Amino acid sequence: MKIIDARKLSAEAQEDIRRKAVKAVLEGETKTKVAALFGVTRQAVTLWVKDFKQSGQKALKAKKRGRPKGGKKLLPWQAAQTARMVTDRYPEQLKLPFFLWTRQAVVELIARQFEVDLSVWTAGRYLKGWGFSPQKPIRKAYEQNPEAVTRWLKEDYPAIRRQAMKQQATLFWGDEMSVRSDHAVGRTYGRKGQTPVLPVTGRRFSCHMISAITNLGQLQFMVFKKKFVAKVFTTFLGRLIRQNEGMVFLIVDRHPVHRSSEVRQWLEDHKKRIRLYFLPSYSPELNPDELLNQDVKSNAVGRKRPRDQKDLMSNTRGFLYGRQKKPGIVKKYFHGEHVRYAA
């Protein structure tokens, strides 16, 4: 039996087949024979008969094809105003019960502003047409001072870079972070309705790492167990000046340890070899070393399950040793949108 593709027939032809098939079944023919006669599936014939018994002849009538026309639309000025609000404001600023801009948030915004009710699908098509796409947002602290960031990008950092070139100093970007055993990223395949189970230890443990990178691909690091204190930081600074000839410039955030009296005294004692500079407050996105931290969390921890603290430290060190041997990857940390200025 050759099954025809009824979708290629006209609406009238489809309706005619449905009526004749149902009539034949009601007159005593088997559904299998009727299906073979009209070149359709037995399941289709069964469905037509069922619909006919429930709703009569109207259930067999041809239906309009294509996307429904005449739906509610935004006027050009309404569309332009909505796009500006999504670009310039957060939902909370507009008194909407949402933290992020979703299709539903846009639907409610349009309903409130213009009394136009749209579906989430229509809102999605509008957003796409306006050049919007769903993206993972970058977190930025409310406390960040935009003027300080602008000054850093246009004045402070260029001055540091010029001074480093003048003194032939190696310019590092540094940061530290805690590495936790229960950090997880990514997804794994599993059957629908059956959430995959990941076997892990019930114990939580962590270690710490401090690192410094250059835009030429150099990476220095230290993995440790103890809490991050001034002694740990000065030990790392000592390694930096031992492993690099000439002057070292290091840019870090304003962590209390970095600005402690012990660190200031140590820097004063070694001022001929190293200088410390500070990023604007609450501005981690300006530090390229943050991208190394993300790399470690995603690829050294998130995808390799440690059994204990020793295993966690070994995984982290092994990954960082590998990155040291691939300066090309370290250079790419400086290609991020917000740190490209440092490349």
# chains A, B, ... in the order shown; residues from 1 in each chain; ligands from 1
call {"tool": "select_by_dssp", "arguments": {"residues": "stretch 199-259 of chain A", "states": "helix (DSSP H, G or I)", "output": "PyMOL selection string"}}
result
chain A and resi 230-243
call {"tool": "write_last_selection", "arguments": {"atoms": "C-alpha atoms", "output": "JSON list (two decimals), in the first residue's frame"}}
result
[["chain", "number", "residue", "atom", "x", "y", "z"],
["A", 230, "ALA", "CA", 49.28, 37.98, 54.59],
["A", 231, "LYS", "CA", 51.98, 35.31, 55.09],
["A", 232, "VAL", "CA", 50.58, 33.23, 52.22],
["A", 233, "PHE", "CA", 50.42, 36.28, 49.95],
["A", 234, "THR", "CA", 53.97, 37.43, 50.69],
["A", 235, "THR", "CA", 55.20, 33.87, 50.09],
["A", 236, "PHE", "CA", 53.63, 33.99, 46.63],
["A", 237, "LEU", "CA", 55.09, 37.45, 45.98],
["A", 238, "GLY", "CA", 58.51, 36.08, 46.93],
["A", 239, "ARG", "CA", 58.11, 33.32, 44.34],
["A", 240, "LEU", "CA", 57.18, 35.88, 41.69],
["A", 241, "ILE", "CA", 60.34, 37.93, 42.12],
["A", 242, "ARG", "CA", 62.54, 34.80, 42.32],
["A", 243, "GLN", "CA", 61.09, 33.34, 39.12]]
call {"tool": "select_by_dssp", "arguments": {"residues": "stretch 31-275 of chain A", "states": "strand (DSSP E or B)", "output": "PyMOL selection string"}}
result
chain A and resi 170-180+206-213+219-224+248-252+274-275
call {"tool": "write_last_selection", "arguments": {"atoms": "C-alpha atoms", "output": "PDB file, in the first residue's frame"}}
result
ATOM      1  CA  THR A 170      56.856  42.120  33.825  1.00  0.00           C
ATOM      2  CA  LEU A 171      53.205  43.084  34.274  1.00  0.00           C
ATOM      3  CA  PHE A 172      51.119  40.409  36.048  1.00  0.00           C
ATOM      4  CA  TRP A 173      47.434  40.217  36.880  1.00  0.00           C
ATOM      5  CA  GLY A 174      46.751  38.262  40.068  1.00  0.00           C
ATOM      6  CA  ASP A 175      43.843  36.774  41.981  1.00  0.00           C
ATOM      7  CA  GLU A 176      43.025  34.049  44.485  1.00  0.00           C
ATOM      8  CA  MET A 177      40.021  31.805  44.994  1.00  0.00           C
ATOM      9  CA  SER A 178      38.702  28.872  46.983  1.00  0.00           C
ATOM     10  CA  VAL A 179      38.284  25.575  45.111  1.00  0.00           C
ATOM     11  CA  ARG A 180      35.385  23.444  46.440  1.00  0.00           C
ATOM     12  CA  SER A 206      38.243  22.649  49.676  1.00  0.00           C
ATOM     13  CA  CYS A 207      41.638  24.099  48.975  1.00  0.00           C
ATOM     14  CA  HIS A 208      42.829  27.501  47.801  1.00  0.00           C
ATOM     15  CA  MET A 209      44.849  28.803  44.883  1.00  0.00           C
ATOM     16  CA  ILE A 210      46.543  32.072  44.022  1.00  0.00           C
ATOM     17  CA  SER A 211      47.695  32.812  40.504  1.00  0.00           C
ATOM     18  CA  ALA A 212      49.167  35.537  38.322  1.00  0.00           C
ATOM     19  CA  ILE A 213      49.178  35.763  34.511  1.00  0.00           C
ATOM     20  CA  LEU A 219      51.352  31.759  34.437  1.00  0.00           C
ATOM     21  CA  GLN A 220      52.531  31.485  38.043  1.00  0.00           C
ATOM     22  CA  PHE A 221      50.457  29.812  40.751  1.00  0.00           C
ATOM     23  CA  MET A 222      50.401  28.348  44.237  1.00  0.00           C
ATOM     24  CA  VAL A 223      47.878  25.841  45.644  1.00  0.00           C
ATOM     25  CA  PHE A 224      47.556  25.703  49.438  1.00  0.00           C
ATOM     26  CA  VAL A 248      57.580  42.877  38.646  1.00  0.00           C
ATOM     27  CA  PHE A 249      54.319  44.844  38.537  1.00  0.00           C
ATOM     28  CA  LEU A 250      51.295  43.019  39.969  1.00  0.00           C
ATOM     29  CA  ILE A 251      47.677  44.191  39.590  1.00  0.00           C
ATOM     30  CA  VAL A 252      45.182  42.726  42.097  1.00  0.00           C
ATOM     31  CA  ILE A 274      58.036  44.528  42.918  1.00  0.00           C
ATOM     32  CA  ARG A 275      55.134  46.986  42.958  1.00  0.00           C
TER      33      ARG A 275
END
call {"tool": "atom_distance", "arguments": {"atom1": "atom CA of A:Arg42", "atom2": "atom CA of A:Leu9"}}
result
18.4 Å
call {"tool": "closest_residue", "arguments": {"among": "A:Thr150, A:Val116, A:Arg84, A:His258", "to": "A:Phe132", "atoms": "only C-alpha atoms"}}
result
A:Arg84
call {"tool": "atom_distance", "arguments": {"atom1": "atom CA of A:Val263", "atom2": "atom CA of A:Tyr282"}}
result
20.8 Å
call {"tool": "residues_around", "arguments": {"residues": "A:Tyr157", "least_positions_apart": "4", "cutoff": "10 Å", "atoms": "only C-alpha atoms", "output": "number ranges by chain"}}
result
A: 151-153, 161-163, 251, 277-279, 341-342
